[in-house]
Amino acid sequence: MSTLLSVSIALLAGLFMTRVFKPFKLPSVTAYLIAGILIGPYCMGQLGISGLGFESSDAVAKLSLISEVALGFIAFSIGNEFRLSDLKKTGRQAFIIGVFQALVATLFVNLALYVVHIFMPEKLTVPQLLTLAAIATATAPAATLMVVRQYKAKGPLTDLLLPIVALDDAVGLIVFAVSFGIAKTLIVGTADLVSILVNPLVEIVCSLLLGAIMGWILTQIEKLFNSNTNRLNMTITFVFLTVALSMLDFHIGAVHISFSSLLVCMMLGTVFCNICPLSHDLMEQADKWTSPLFALFFVISGAELELSVFTDVAIVFIGIVYIIFRSLGKYFGTFASAKASGCEPNICKYLGITLLPQAGVALGMCATAMQLGEQGNLIRNITLFAVLVYELVGPLLTRQALTAAGDIKPKSEEVMMRRQTKLEQAAQKASEEN
């Protein structure tokens with residue numbers, strides 16, 4: 001009962017918070033995250049009233065399955081952006097920008113944190129700074145997708161943005177595996193080439209292969225049904241099944257076989273949208289079904305943010321350096337590669353700003369970094385600090401960048417007048433009935 005009550009309270013808090021922040025014209029994502037913080041362990045959770053808020057981090061962790069499923073649907077939706085007809089126009093640019101901006105962000109953070117290490121070697125070690133620099137590659141696809149959907153963003157920048165965010169995760173996995181392998185080597189003293197080179201490539205290949213197989217099977221099964229309702233149910237079922245399969249984890253000799261649920265579900269969506277003739281309609285219907293799931297995902301994400309990281313001055317300082325130089329790396333890396341690949345001036349100017357949000361993938365990386373023992377604690381806390389800032393500020397900056405680029409258009413006066421007329425007519429009808 002308490003879990004179900006917590007879920008209900010989380011959804012209600014998120015929805016009401018969007019009304020509170022409506023006058024400030026903030027994205028719904030930000031409102032959901034703040035709602036999560038308010039009902040989280042550091043605010044209402046302190047009251048100790050079961051069900052009213054999350055009393056502890058363990059209470060939030062009980063809902064981790066919801067987050068896994070939500071990320072699966074988010075990745076599935078982003079896979080829809082990889083239609084071959086569109087990639088013929090933007091594929092080359094998306095690939096160049098996606099790889100280059102991730103590497104530049106890593107380089108900027110590496111250099112900045114190395115300077116911090118020189119002055120504060122007892123606070124920040126070389127293995128720690130290498131791992132943090134690798135985490136800097138990751139961008140949050142969830143927050144970006146939610147902003148695009150909420151404001152119905154459409155245009156050249158949006159067409160490039162979503163494929164880049166998807167590619168960013170693949171690049172991030174490789175960079176993190178290599179950097180983290182080097183970090184472990186520096187601590188342990190022995191090099192493990194399988195962990196550094198083989199395992200990340202195996203994870204990416206296996207993830208793409210599993211997603212492609214599931215996408216093909218889904219398309220074949222869809223042909224057995226004539227009802228769009230049953231087709232939609234089958235699509236949703238397959239996303240659940242794919243998320244479950246992506247949790248498989250085992251070893252074959254020295255090689256670690258694992259999957260990235262984001263890459264698997266992205267590939268599922270990519271194959272499905274390219275070979276199923278009804279995919280466009282089914283994707284639209286699935287988007288409507290998943291709206292409350294995404295809202296709940298962001299409220300839970302807000303509740304997971306640990307405010308205790310603000311109590312350590314060293315973490316705050318290193319975190320600020322990390323945030324500043326990751327942001328600079330993302331922006332200038334995107335600007336330079338967009339210009340080199342022949343993008344429009346508006347894309348060169350604003351695309352980098354939309355790549356700042358950071359959350360799920362980065363948190364997954366810092367969970368892996370805990371293998372470094374005590375040194376992993378600092379990495380985790382700095383990542384949590386950065387995620388807290390990026391998740392609250394990132395969606396707002398993304399909306400502003402998309403608006404400035406012309407991909408988010410203000411509602412016309414005609415639309416606003418029509419909506420106001422409908423409201424007045426509904427109010428008049430209600431008063432007449434009473």
# chains A, B, ... in the order shown; residues from 1 in each chain; ligands from 1
$ closest_atom_pairs --of "segment 173-266 of chain A" --to "segment 275-299 of chain A" --cutoff "9 Å" --atoms "only C-alpha atoms" --output "JSON lines"
{"residue": "A:Gly215", "atom": "CA", "partner": "A:Ile275", "partner_atom": "CA", "distance": 8.8}
{"residue": "A:Trp216", "atom": "CA", "partner": "A:Ile275", "partner_atom": "CA", "distance": 7.9}
{"residue": "A:Leu218", "atom": "CA", "partner": "A:Cys276", "partner_atom": "CA", "distance": 9.0}
{"residue": "A:Thr219", "atom": "CA", "partner": "A:Cys276", "partner_atom": "CA", "distance": 5.7}
{"residue": "A:Gln220", "atom": "CA", "partner": "A:Cys276", "partner_atom": "CA", "distance": 8.5}
{"residue": "A:Glu222", "atom": "CA", "partner": "A:Cys276", "partner_atom": "CA", "distance": 8.4}
{"residue": "A:Asn228", "atom": "CA", "partner": "A:Leu282", "partner_atom": "CA", "distance": 7.6}
{"residue": "A:Arg231", "atom": "CA", "partner": "A:Leu282", "partner_atom": "CA", "distance": 7.5}
{"residue": "A:Leu232", "atom": "CA", "partner": "A:Leu282", "partner_atom": "CA", "distance": 6.0}
{"residue": "A:Asn233", "atom": "CA", "partner": "A:Ala286", "partner_atom": "CA", "distance": 8.9}
{"residue": "A:Thr235", "atom": "CA", "partner": "A:Leu282", "partner_atom": "CA", "distance": 7.8}
{"residue": "A:Ile236", "atom": "CA", "partner": "A:Ala286", "partner_atom": "CA", "distance": 7.2}
$ write_last_selection --atoms "N, CA and C atoms" --output "PDB file, in the first residue's frame"
ATOM      1  N   GLY A 215      13.498  -5.741 -32.677  1.00  0.00           N
ATOM      2  CA  GLY A 215      12.746  -4.873 -33.589  1.00  0.00           C
ATOM      3  C   GLY A 215      12.174  -5.648 -34.764  1.00  0.00           C
ATOM      4  N   TRP A 216      12.964  -6.579 -35.308  1.00  0.00           N
ATOM      5  CA  TRP A 216      12.492  -7.399 -36.428  1.00  0.00           C
ATOM      6  C   TRP A 216      11.359  -8.322 -35.987  1.00  0.00           C
ATOM      7  N   LEU A 218       9.321  -7.900 -33.448  1.00  0.00           N
ATOM      8  CA  LEU A 218       8.126  -7.084 -33.180  1.00  0.00           C
ATOM      9  C   LEU A 218       7.376  -6.772 -34.474  1.00  0.00           C
ATOM     10  N   THR A 219       8.101  -6.409 -35.518  1.00  0.00           N
ATOM     11  CA  THR A 219       7.466  -6.071 -36.799  1.00  0.00           C
ATOM     12  C   THR A 219       6.733  -7.270 -37.387  1.00  0.00           C
ATOM     13  N   GLN A 220       7.320  -8.460 -37.267  1.00  0.00           N
ATOM     14  CA  GLN A 220       6.676  -9.662 -37.800  1.00  0.00           C
ATOM     15  C   GLN A 220       5.415 -10.013 -37.009  1.00  0.00           C
ATOM     16  N   GLU A 222       3.531  -7.918 -35.329  1.00  0.00           N
ATOM     17  CA  GLU A 222       2.507  -6.891 -35.563  1.00  0.00           C
ATOM     18  C   GLU A 222       1.591  -7.281 -36.735  1.00  0.00           C
ATOM     19  N   ASN A 228      -5.544  -1.760 -34.226  1.00  0.00           N
ATOM     20  CA  ASN A 228      -4.471  -0.862 -33.785  1.00  0.00           C
ATOM     21  C   ASN A 228      -4.259  -0.933 -32.278  1.00  0.00           C
ATOM     22  N   ARG A 231      -2.116  -3.898 -31.693  1.00  0.00           N
ATOM     23  CA  ARG A 231      -0.752  -3.590 -32.157  1.00  0.00           C
ATOM     24  C   ARG A 231      -0.022  -2.712 -31.137  1.00  0.00           C
ATOM     25  N   LEU A 232      -0.755  -1.739 -30.593  1.00  0.00           N
ATOM     26  CA  LEU A 232      -0.162  -0.865 -29.579  1.00  0.00           C
ATOM     27  C   LEU A 232       0.208  -1.676 -28.344  1.00  0.00           C
ATOM     28  N   ASN A 233      -0.694  -2.548 -27.914  1.00  0.00           N
ATOM     29  CA  ASN A 233      -0.414  -3.394 -26.749  1.00  0.00           C
ATOM     30  C   ASN A 233       0.826  -4.258 -26.977  1.00  0.00           C
ATOM     31  N   THR A 235       3.326  -3.545 -29.015  1.00  0.00           N
ATOM     32  CA  THR A 235       4.495  -2.650 -29.021  1.00  0.00           C
ATOM     33  C   THR A 235       4.956  -2.366 -27.598  1.00  0.00           C
ATOM     34  N   ILE A 236       4.011  -2.033 -26.725  1.00  0.00           N
ATOM     35  CA  ILE A 236       4.333  -1.735 -25.325  1.00  0.00           C
ATOM     36  C   ILE A 236       4.923  -2.975 -24.644  1.00  0.00           C
TER      37      ILE A 236
END
$ select_by_dssp --residues "segment 142-192 of chain A" --states "helix (DSSP H, G or I)" --output "number ranges by chain"
A: 142-150, 156-188
$ residues_around --residues "segment 19-33 of chain A" --least-positions-apart "3" --cutoff "8 Å" --atoms "only C-alpha atoms" --output "ChimeraX atom specification"
/A:13-16,36-37,143,146-147,150,295-296,298-303,391-393,395-396,399
$ write_last_selection --atoms "C-alpha atoms" --output "short mmCIF file (atom, residue, chain, number, x, y, z; two decimals), in the first residue's frame"
data_model
loop_
_atom_site.label_atom_id
_atom_site.label_comp_id
_atom_site.auth_asym_id
_atom_site.auth_seq_id
_atom_site.Cartn_x
_atom_site.Cartn_y
_atom_site.Cartn_z
CA ALA A 13 3.10 16.44 -6.70
CA GLY A 14 4.62 16.57 -10.18
CA LEU A 15 1.38 17.61 -11.87
CA PHE A 16 0.54 20.29 -9.29
CA GLY A 36 10.68 15.08 -6.48
CA ILE A 37 13.11 17.05 -4.31
CA ALA A 143 15.18 15.63 -20.36
CA MET A 146 10.61 15.80 -22.82
CA VAL A 147 11.35 19.43 -23.71
CA GLN A 150 6.24 19.52 -24.50
CA ALA A 295 6.31 12.42 -15.41
CA LEU A 296 6.76 9.82 -12.66
CA PHE A 298 11.37 12.70 -13.44
CA VAL A 299 9.72 13.04 -10.02
CA ILE A 300 11.58 9.91 -8.88
CA SER A 301 14.79 11.34 -10.41
CA GLY A 302 14.29 14.50 -8.34
CA ALA A 303 13.79 12.44 -5.18
CA GLU A 391 18.80 18.63 -14.40
CA LEU A 392 17.34 21.80 -12.89
CA VAL A 393 18.97 24.27 -15.30
CA PRO A 395 15.84 21.76 -19.56
CA LEU A 396 15.32 25.53 -19.26
CA ARG A 399 13.96 25.31 -24.27
#
$ residues_around --residues "Ser246 of chain A" --least-positions-apart "2" --cutoff "10 Å" --atoms "only C-alpha atoms" --output "MDAnalysis selection string"
chainID A and resid 72 206:207 210:211 241:244 248:249 258:265
$ write_last_selection --atoms "N, CA and C atoms" --output "CSV table (one decimal), in the first residue's frame"
chain,number,residue,atom,x,y,z
A,72,GLY,N,13.5,2.9,-20.9
A,72,GLY,CA,13.4,2.1,-22.1
A,72,GLY,C,12.4,2.7,-23.1
A,206,CYS,N,26.6,-6.1,-28.8
A,206,CYS,CA,25.5,-7.0,-28.3
A,206,CYS,C,24.2,-6.2,-28.1
A,207,SER,N,24.4,-5.0,-27.6
A,207,SER,CA,23.2,-4.1,-27.4
A,207,SER,C,22.5,-3.8,-28.7
A,210,LEU,N,20.9,-7.2,-30.2
A,210,LEU,CA,19.7,-7.6,-29.4
A,210,LEU,C,18.5,-6.7,-29.8
A,211,GLY,N,18.8,-5.3,-29.9
A,211,GLY,CA,17.7,-4.4,-30.3
A,211,GLY,C,17.2,-4.6,-31.7
A,241,LEU,N,9.6,-6.2,-22.6
A,241,LEU,CA,10.4,-7.4,-22.7
A,241,LEU,C,11.9,-7.1,-23.1
A,242,THR,N,12.1,-6.1,-23.9
A,242,THR,CA,13.4,-5.7,-24.3
A,242,THR,C,14.2,-5.1,-23.1
A,243,VAL,N,13.5,-4.3,-22.3
A,243,VAL,CA,14.2,-3.8,-21.1
A,243,VAL,C,14.6,-4.9,-20.2
A,244,ALA,N,13.7,-5.9,-20.0
A,244,ALA,CA,14.0,-7.1,-19.2
A,244,ALA,C,15.3,-7.8,-19.7
A,248,LEU,N,20.2,-8.7,-18.7
A,248,LEU,CA,21.1,-9.9,-18.6
A,248,LEU,C,22.5,-9.5,-18.4
A,249,ASP,N,23.3,-10.3,-17.7
A,249,ASP,CA,24.6,-10.0,-17.4
A,249,ASP,C,25.4,-11.3,-17.1
A,258,SER,N,27.4,-7.8,-21.3
A,258,SER,CA,26.3,-7.0,-20.7
A,258,SER,C,25.7,-6.1,-21.8
A,259,PHE,N,24.6,-5.5,-21.5
A,259,PHE,CA,23.8,-4.7,-22.4
A,259,PHE,C,23.5,-3.3,-21.9
A,260,SER,N,23.5,-2.3,-22.7
A,260,SER,CA,23.0,-1.0,-22.4
A,260,SER,C,21.5,-0.9,-22.7
A,261,SER,N,20.7,-0.8,-21.7
A,261,SER,CA,19.2,-0.7,-22.0
A,261,SER,C,18.9,0.4,-23.0
A,262,LEU,N,19.6,1.5,-22.8
A,262,LEU,CA,19.3,2.7,-23.7
A,262,LEU,C,19.6,2.3,-25.2
A,263,LEU,N,20.8,1.7,-25.4
A,263,LEU,CA,21.2,1.4,-26.8
A,263,LEU,C,20.3,0.3,-27.3
A,264,VAL,N,19.9,-0.7,-26.5
A,264,VAL,CA,19.0,-1.8,-27.0
A,264,VAL,C,17.7,-1.3,-27.4
A,265,CYS,N,17.1,-0.4,-26.6
A,265,CYS,CA,15.7,0.1,-26.9
A,265,CYS,C,15.8,1.1,-28.0
$ closest_residue --among "A:Phe119, A:Phe250, A:Phe240, A:Phe54" --to "Leu5 of chain A" --atoms "only C-alpha atoms"
A:Phe54
$ residues_around --residues "Glu374 of chain A" --least-positions-apart "3" --cutoff "12 Å" --atoms "only C-alpha atoms" --output "PyMOL selection string"
chain A and resi 123-125+127-128+187+369-371+377-381
$ write_last_selection --atoms "C-alpha atoms" --output "compact mmCIF listing (two decimals), in the first residue's frame"
# COMPACT_ATOMS: atom_id res chain seq x y z
CA LYS A 123 41.53 15.80 -2.64
CA LEU A 124 41.57 14.73 -6.29
CA THR A 125 43.69 11.88 -7.67
CA PRO A 127 42.25 8.03 -11.45
CA GLN A 128 39.39 10.15 -10.12
CA ILE A 187 45.29 2.02 -8.71
CA ALA A 369 33.08 3.97 -10.58
CA MET A 370 32.28 2.77 -7.05
CA GLN A 371 34.51 -0.22 -7.91
CA ASN A 377 32.87 8.07 -3.31
CA LEU A 378 34.24 11.43 -4.47
CA ILE A 379 33.37 10.62 -8.10
CA ARG A 380 29.83 9.68 -7.09
CA ASN A 381 29.28 12.85 -5.02
$ closest_residue --among "A:Asn274, A:Gln375, A:Thr311, A:Gln358" --to "Thr131 of chain A" --atoms "only C-alpha atoms"
A:Gln375
$ residues_around --residues "Ile78 of chain A" --least-positions-apart "3" --cutoff "9 Å" --atoms "only C-alpha atoms" --output "PDB file with C-alpha atoms, in the first residue's frame"
ATOM      1  CA  PHE A  73      10.381   3.943 -23.588  1.00  0.00           C
ATOM      2  CA  ILE A  74      12.426   7.155 -23.846  1.00  0.00           C
ATOM      3  CA  ALA A  75      15.137   5.307 -25.790  1.00  0.00           C
ATOM      4  CA  GLU A  81      14.441   9.668 -34.986  1.00  0.00           C
ATOM      5  CA  PHE A  82      16.748   7.318 -36.910  1.00  0.00           C
ATOM      6  CA  PRO A 141      18.227  11.910 -23.514  1.00  0.00           C
ATOM      7  CA  LEU A 145      13.130  14.483 -25.363  1.00  0.00           C
ATOM      8  CA  LEU A 162      17.928  13.715 -30.999  1.00  0.00           C
ATOM      9  CA  PRO A 163      20.245  11.526 -33.143  1.00  0.00           C
ATOM     10  CA  VAL A 165      21.923  12.565 -28.026  1.00  0.00           C
ATOM     11  CA  ALA A 166      21.485   8.908 -28.955  1.00  0.00           C
ATOM     12  CA  CYS A 265      15.749   0.103 -26.856  1.00  0.00           C
ATOM     13  CA  MET A 266      17.021   2.776 -29.265  1.00  0.00           C
ATOM     14  CA  GLY A 269      12.801   1.728 -32.089  1.00  0.00           C
ATOM     15  CA  THR A 270      15.138   2.324 -35.048  1.00  0.00           C
TER      16      THR A 270
END
$ closest_residue --among "A:Thr139, A:Ser179, A:Thr403, A:Asn230" --to "Gln101 of chain A" --atoms "only C-alpha atoms"
A:Thr139
$ closest_residue --among "A:Ile182, A:Leu402, A:Leu173, A:Ala359" --to "Val205 of chain A" --atoms "only C-alpha atoms"
A:Leu173
$ closest_residue --among "A:Asn110, A:Thr3, A:Ser8, A:Gln93" --to "Ser64 of chain A" --atoms "only C-alpha atoms"
A:Thr3
$ residues_around --residues "Ala105 of chain A" --least-positions-apart "5" --cutoff "12 Å" --atoms "only C-alpha atoms" --output "PyMOL selection string"
chain A and resi 97-100+110-112+132-139+168+171-172+175+322-334+352+355-356
$ write_last_selection --atoms "N, CA and C atoms" --output "short mmCIF file (atom, residue, chain, number, x, y, z; two decimals), in the first residue's frame"
data_model
loop_
_atom_site.label_atom_id
_atom_site.label_comp_id
_atom_site.auth_asym_id
_atom_site.auth_seq_id
_atom_site.Cartn_x
_atom_site.Cartn_y
_atom_site.Cartn_z
N ILE A 97 29.32 15.60 -35.24
CA ILE A 97 29.09 16.43 -34.04
C ILE A 97 28.99 15.55 -32.80
N GLY A 98 28.27 14.43 -32.90
CA GLY A 98 28.09 13.56 -31.75
C GLY A 98 29.39 13.05 -31.18
N VAL A 99 30.31 12.64 -32.04
CA VAL A 99 31.60 12.11 -31.58
C VAL A 99 32.51 13.24 -31.09
N PHE A 100 32.60 14.32 -31.87
CA PHE A 100 33.56 15.38 -31.57
C PHE A 100 33.22 16.10 -30.27
N ASN A 110 39.26 16.95 -18.41
CA ASN A 110 40.55 16.35 -18.04
C ASN A 110 41.58 17.43 -17.70
N LEU A 111 41.72 18.42 -18.57
CA LEU A 111 42.72 19.47 -18.37
C LEU A 111 42.41 20.31 -17.13
N ALA A 112 41.13 20.69 -16.97
CA ALA A 112 40.75 21.53 -15.83
C ALA A 112 40.95 20.80 -14.51
N LEU A 132 36.02 11.06 -13.96
CA LEU A 132 35.08 12.18 -14.05
C LEU A 132 35.05 12.77 -15.45
N ALA A 133 36.22 12.87 -16.08
CA ALA A 133 36.28 13.42 -17.44
C ALA A 133 35.53 12.52 -18.42
N ALA A 134 35.58 11.21 -18.19
CA ALA A 134 34.85 10.28 -19.06
C ALA A 134 33.35 10.41 -18.86
N ILE A 135 32.93 10.60 -17.62
CA ILE A 135 31.50 10.77 -17.32
C ILE A 135 30.96 12.04 -17.98
N ALA A 136 31.83 13.01 -18.21
CA ALA A 136 31.43 14.28 -18.83
C ALA A 136 30.86 14.10 -20.24
N THR A 137 31.16 12.98 -20.89
CA THR A 137 30.64 12.76 -22.24
C THR A 137 29.12 12.60 -22.25
N ALA A 138 28.57 12.03 -21.18
CA ALA A 138 27.16 11.61 -21.17
C ALA A 138 26.19 12.79 -21.19
N THR A 139 25.15 12.65 -22.01
CA THR A 139 24.05 13.62 -22.07
C THR A 139 22.76 12.90 -21.73
N ASP A 168 25.60 9.99 -28.60
CA ASP A 168 26.42 10.43 -27.48
C ASP A 168 26.59 9.31 -26.45
N VAL A 171 29.20 6.74 -27.70
CA VAL A 171 30.55 7.31 -27.56
C VAL A 171 30.95 7.34 -26.09
N GLY A 172 30.00 7.75 -25.24
CA GLY A 172 30.25 7.83 -23.81
C GLY A 172 30.64 6.50 -23.20
N VAL A 175 34.35 5.78 -24.26
CA VAL A 175 35.29 6.68 -23.56
C VAL A 175 35.38 6.32 -22.09
N TYR A 322 34.02 21.12 -12.70
CA TYR A 322 33.52 20.08 -13.61
C TYR A 322 32.38 20.63 -14.47
N ILE A 323 31.41 21.29 -13.84
CA ILE A 323 30.23 21.81 -14.56
C ILE A 323 30.64 22.86 -15.59
N ILE A 324 31.51 23.80 -15.18
CA ILE A 324 31.91 24.89 -16.07
C ILE A 324 32.65 24.34 -17.30
N PHE A 325 33.64 23.47 -17.07
CA PHE A 325 34.47 23.02 -18.19
C PHE A 325 33.77 21.95 -19.03
N ARG A 326 32.88 21.16 -18.44
CA ARG A 326 32.08 20.25 -19.27
C ARG A 326 31.18 21.06 -20.19
N SER A 327 30.56 22.12 -19.63
CA SER A 327 29.67 22.97 -20.43
C SER A 327 30.43 23.64 -21.57
N LEU A 328 31.62 24.16 -21.25
CA LEU A 328 32.44 24.79 -22.28
C LEU A 328 32.85 23.78 -23.36
N GLY A 329 33.21 22.57 -22.93
CA GLY A 329 33.61 21.53 -23.87
C GLY A 329 32.46 21.14 -24.79
N LYS A 330 31.27 20.95 -24.21
CA LYS A 330 30.10 20.60 -25.01
C LYS A 330 29.78 21.71 -26.01
N TYR A 331 29.81 22.96 -25.52
CA TYR A 331 29.42 24.07 -26.40
C TYR A 331 30.42 24.28 -27.54
N PHE A 332 31.71 24.43 -27.19
CA PHE A 332 32.70 24.74 -28.23
C PHE A 332 33.00 23.52 -29.11
N GLY A 333 32.89 22.32 -28.55
CA GLY A 333 33.05 21.12 -29.37
C GLY A 333 31.94 21.03 -30.41
N THR A 334 30.72 21.33 -29.97
CA THR A 334 29.58 21.32 -30.89
C THR A 334 29.70 22.44 -31.91
N GLY A 352 24.92 23.34 -29.05
CA GLY A 352 25.72 22.96 -27.87
C GLY A 352 24.99 23.16 -26.56
N LEU A 355 22.79 20.27 -25.33
CA LEU A 355 23.46 19.02 -24.95
C LEU A 355 23.99 19.04 -23.51
N LEU A 356 23.58 20.04 -22.72
CA LEU A 356 24.09 20.15 -21.35
C LEU A 356 23.43 19.22 -20.34
#
$ atom_distance --atom1 "atom CA of Ala340 of chain A" --atom2 "atom CA of Gly155 of chain A"
20.2 Å
$ select_by_dssp --residues "segment 82-310 of chain A" --states "strand (DSSP E)" --output "PyMOL selection string"
chain A and resi 249-252+255-258
$ atom_distance --atom1 "atom CA of Tyr114 of chain A" --atom2 "atom CA of Leu384 of chain A"
20.2 Å
